[in-house]
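Enquirer: Next up is a structure, given as structure tokens.
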Amino acid sequence: MDSEFWHQRWQNNQIGFHNAEANPLLLTYFHELAMARDSRVFVPLCGKTRDIGWLLSQGYRVAGAELSELAIEQLFAELVVQPEITDAGEVKRYSAPDLDVYVGDIFKLTANTLGTVDAVFDRAALVALPEDMRDRYARHLTEITSNVPQLLLTFEYDQTQMPGPPFSVCDQEVRRHYEEFIPL
């Protein structure tokens, strides 16, 4: 699975993973991060998720990362916000008040470019990646975010019934990726 797979999904509007509303698990569990208003939340592989609008409406600042520029153009259009677009190293930065989204390969996003974040909401990033990329992703994510707390959503199912994405990621795998970095 390479970047072209995801570009084609967005180009062909094959985005069944996109929800029309903010994720109900975000609404239910986000308060457990005990973050002050104005804290900055990072949403990796964000697409045009409605979670960003919800986080902004709750008074949080949001940073996102997404491979597809088309997805981010749609995100800003749906938020009815005109972004300022600048180069930020090896990625593009789409910014508006309280919102920065970095477009390009997440592995090219650096801690310096991302800036300080107070928490991560991984609603669909880890499960979007094949098994051979997940360890690299988890290490990179903890590196660029300085090991801040995460609200991580995963799926666990019989992978022989559906090949993914999303991929099945069990609790044991989550522990393997994150326990050395973040207390679980």
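Naming scheme: A, B, ... for chains in displayed order of the structure tokens; residues 1 onward per chain; ligands 1 onward as shown.
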Tell me, as a PyMOL selection string, which residues lie within 12 Å of A:Asp132, counting only C-alpha atoms; anything in the same chain fewer than 5 positions away does not count.

Expert: chain A and resi 1-2+126-127+137-138+167+177

Enquirer: Within 10 Å of stretch 80-82 of chain A, counting only C-alpha atoms, which residues qualify if same-chain residues fewer than 6 places away don't, as a list of chain:residue names?

Expert: A:Glu73, A:Gln74, A:Tyr94, A:Ser95, A:Ala96, A:Pro97

Enquirer: Identify, with DSSP run on backbone atoms, the residues in chain A assigned to alpha helix (DSSP H), and express the list as an NGL selection string.

Expert: :A and (3-11 or 24-29 or 50-57 or 69-78 or 111-114 or 131-144 or 171-178)

Enquirer: Can you check which parts of stretch 35-75 of chain A lie within 10 Å of stretch 112-116 of chain A? Per residue, the shortest pair of atoms and distance in Å to one decimal, counting only C-alpha atoms, sorted by chain and number, as a tab-separated table.

Expert:
residue	atom	partner	partner_atom	distance
A:Ser39	CA	A:Thr116	CA	9.7
A:Arg40	CA	A:Thr116	CA	7.5
A:Val41	CA	A:Thr116	CA	9.3
A:Phe42	CA	A:Leu114	CA	8.8
A:Ala63	CA	A:Leu114	CA	7.6
A:Gly64	CA	A:Leu114	CA	8.9
A:Ala65	CA	A:Leu114	CA	9.1

Enquirer: Take the residues just selected and output them with C-alpha atoms as a CSV table (one decimal), in the first residue's frame.

Expert:
chain,number,residue,atom,x,y,z
A,39,SER,CA,-4.7,23.3,24.1
A,40,ARG,CA,-3.4,22.1,20.8
A,41,VAL,CA,-4.6,18.6,19.5
A,42,PHE,CA,-2.8,16.8,16.7
A,63,ALA,CA,-3.0,20.5,14.0
A,64,GLY,CA,-3.5,17.8,11.4
A,65,ALA,CA,-1.5,15.9,8.9

Enquirer: Determine, counting only C-alpha atoms, which protein, DNA and RNA residues have an atom within 12 Å of an atom of A:Ser57; residues of the same chain fewer than 2 positions away are not included. Present the result as number ranges by chain.

Expert: A: 22, 37-38, 50-55, 59-62, 79, 98-99

Enquirer: Have a look at A:Pro130, A:His31, A:Phe76, A:Asp122 and name the one nearest to A:Gln159; count only C-alpha atoms.

Expert: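 Counting only C-alpha atoms, the residue closest to A:Gln159 is A:Pro130.
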
Enquirer: Run DSSP on the backbone and give me the residues of chain A it puts in strand (DSSP E), as a PyMOL selection string.

Expert: chain A and resi 40-44+61-66+84-88+91-96+99-103+119-122+150-152

Enquirer: How would the residues just picked look written out with N, CA and C atoms as a compact mmCIF listing (two decimals), in the first residue's frame?

Expert:
# COMPACT_ATOMS: atom_id res chain seq x y z
N ARG A 40 -3.58 22.41 22.18
CA ARG A 40 -3.42 22.06 20.76
C ARG A 40 -3.44 20.55 20.60
N VAL A 41 -4.34 20.07 19.75
CA VAL A 41 -4.56 18.64 19.51
C VAL A 41 -4.06 18.30 18.11
N PHE A 42 -3.28 17.23 18.01
CA PHE A 42 -2.79 16.77 16.72
C PHE A 42 -3.64 15.60 16.25
N VAL A 43 -4.13 15.68 15.00
CA VAL A 43 -4.95 14.64 14.39
C VAL A 43 -4.18 14.11 13.16
N PRO A 44 -3.43 13.02 13.32
CA PRO A 44 -2.66 12.49 12.20
C PRO A 44 -3.55 11.80 11.16
N ARG A 61 -7.23 24.27 19.82
CA ARG A 61 -6.49 24.53 18.59
C ARG A 61 -6.14 23.16 18.01
N VAL A 62 -6.11 23.07 16.68
CA VAL A 62 -5.93 21.77 16.03
C VAL A 62 -4.79 21.84 15.02
N ALA A 63 -3.99 20.78 15.03
CA ALA A 63 -3.00 20.54 13.98
C ALA A 63 -3.34 19.19 13.37
N GLY A 64 -3.24 19.09 12.08
CA GLY A 64 -3.50 17.83 11.41
C GLY A 64 -2.40 17.52 10.42
N ALA A 65 -2.37 16.30 9.97
CA ALA A 65 -1.47 15.89 8.90
C ALA A 65 -2.26 14.99 7.96
N GLU A 66 -2.06 15.19 6.67
CA GLU A 66 -2.81 14.43 5.68
C GLU A 66 -2.00 14.34 4.39
N GLU A 84 -4.41 29.94 4.50
CA GLU A 84 -3.16 30.48 3.98
C GLU A 84 -2.29 29.25 3.72
N ILE A 85 -1.72 29.17 2.53
CA ILE A 85 -0.94 28.00 2.15
C ILE A 85 0.52 28.40 2.00
N THR A 86 1.39 27.70 2.74
CA THR A 86 2.82 28.00 2.70
C THR A 86 3.61 26.69 2.65
N ASP A 87 4.84 26.79 2.20
CA ASP A 87 5.74 25.65 2.28
C ASP A 87 6.27 25.55 3.69
N ALA A 88 6.34 24.34 4.20
CA ALA A 88 6.86 24.10 5.56
C ALA A 88 7.82 22.92 5.48
N VAL A 91 6.69 19.54 3.51
CA VAL A 91 5.23 19.47 3.46
C VAL A 91 4.68 20.87 3.22
N LYS A 92 3.39 20.94 2.87
CA LYS A 92 2.70 22.23 2.76
C LYS A 92 1.92 22.45 4.05
N ARG A 93 1.79 23.71 4.42
CA ARG A 93 1.00 24.06 5.61
C ARG A 93 -0.21 24.87 5.17
N TYR A 94 -1.38 24.34 5.50
CA TYR A 94 -2.65 25.05 5.31
C TYR A 94 -3.01 25.59 6.68
N SER A 95 -3.15 26.90 6.80
CA SER A 95 -3.43 27.43 8.13
C SER A 95 -4.57 28.45 8.11
N ALA A 96 -5.22 28.52 9.24
CA ALA A 96 -6.30 29.45 9.51
C ALA A 96 -6.29 29.64 11.03
N LEU A 99 -5.99 26.56 13.44
CA LEU A 99 -5.92 25.35 12.65
C LEU A 99 -4.72 25.36 11.71
N ASP A 100 -3.92 24.32 11.81
CA ASP A 100 -2.80 24.10 10.89
C ASP A 100 -2.88 22.65 10.41
N VAL A 101 -2.88 22.46 9.11
CA VAL A 101 -2.86 21.11 8.56
C VAL A 101 -1.66 21.00 7.63
N TYR A 102 -0.87 19.97 7.85
CA TYR A 102 0.35 19.74 7.07
C TYR A 102 0.04 18.67 6.03
N VAL A 103 0.23 19.03 4.77
CA VAL A 103 -0.12 18.16 3.66
C VAL A 103 1.14 17.56 3.07
N ALA A 119 -1.84 16.95 22.93
CA ALA A 119 -2.43 15.61 22.88
C ALA A 119 -2.57 15.20 21.42
N VAL A 120 -2.76 13.90 21.23
CA VAL A 120 -2.99 13.33 19.90
C VAL A 120 -4.34 12.63 19.91
N PHE A 121 -5.11 12.87 18.86
CA PHE A 121 -6.33 12.09 18.64
C PHE A 121 -6.11 11.30 17.36
N ASP A 122 -5.78 10.03 17.52
CA ASP A 122 -5.57 9.12 16.38
C ASP A 122 -6.85 8.34 16.18
N GLN A 150 -2.40 10.32 24.23
CA GLN A 150 -3.15 10.03 23.00
C GLN A 150 -4.50 9.43 23.34
N LEU A 151 -5.46 9.79 22.51
CA LEU A 151 -6.72 9.07 22.46
C LEU A 151 -6.65 8.31 21.14
N LEU A 152 -6.52 7.00 21.23
CA LEU A 152 -6.29 6.14 20.07
C LEU A 152 -7.49 5.24 19.85

Enquirer: For A:Glu173, which residue out of A:Leu141, A:Asp135, A:Leu70, A:Asp158 is the nearest one, using only C-alpha atoms?

Expert: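 The shortest atom-to-atom distance to A:Glu173 comes from A:Asp135.
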
Enquirer: Return the single residue from A:Thr142, A:Asn147, A:Ser68, A:Gln161 that is closest to A:Asp105, with distances computed using only C-alpha atoms.

Expert: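 Looking only at the distances to A:Asp105, the closest residue turns out to be A:Ser68.
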
Enquirer: Which residue is closest to A:Met133? Choose from A:Ser146, A:Ile106, A:Leu33, A:Val117 and count only C-alpha atoms.

Expert: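 Result for the nearest residue to A:Met133: A:Ile106.
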
Enquirer: A:Glu156, A:Glu69, A:Glu179, A:Asp171: which is nearest A:Arg139, counting only C-alpha atoms?

Expert: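 Residue with the minimum atom-to-atom distance to A:Arg139: A:Glu179.
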
Enquirer: Just give me the gap between atom CA of A:Ser168 and atom CA of A:Cys46 in Å, one decimal is fine.

Expert: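 That distance, rounded to one decimal, is 18.8 Å.
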
Enquirer: Atom CA of A:His140 and atom CA of A:Ala111, how far apart in Å?

Expert: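 Computed distance, atom CA of A:Ala111 to atom CA of A:His140, equals 9.4 Å.
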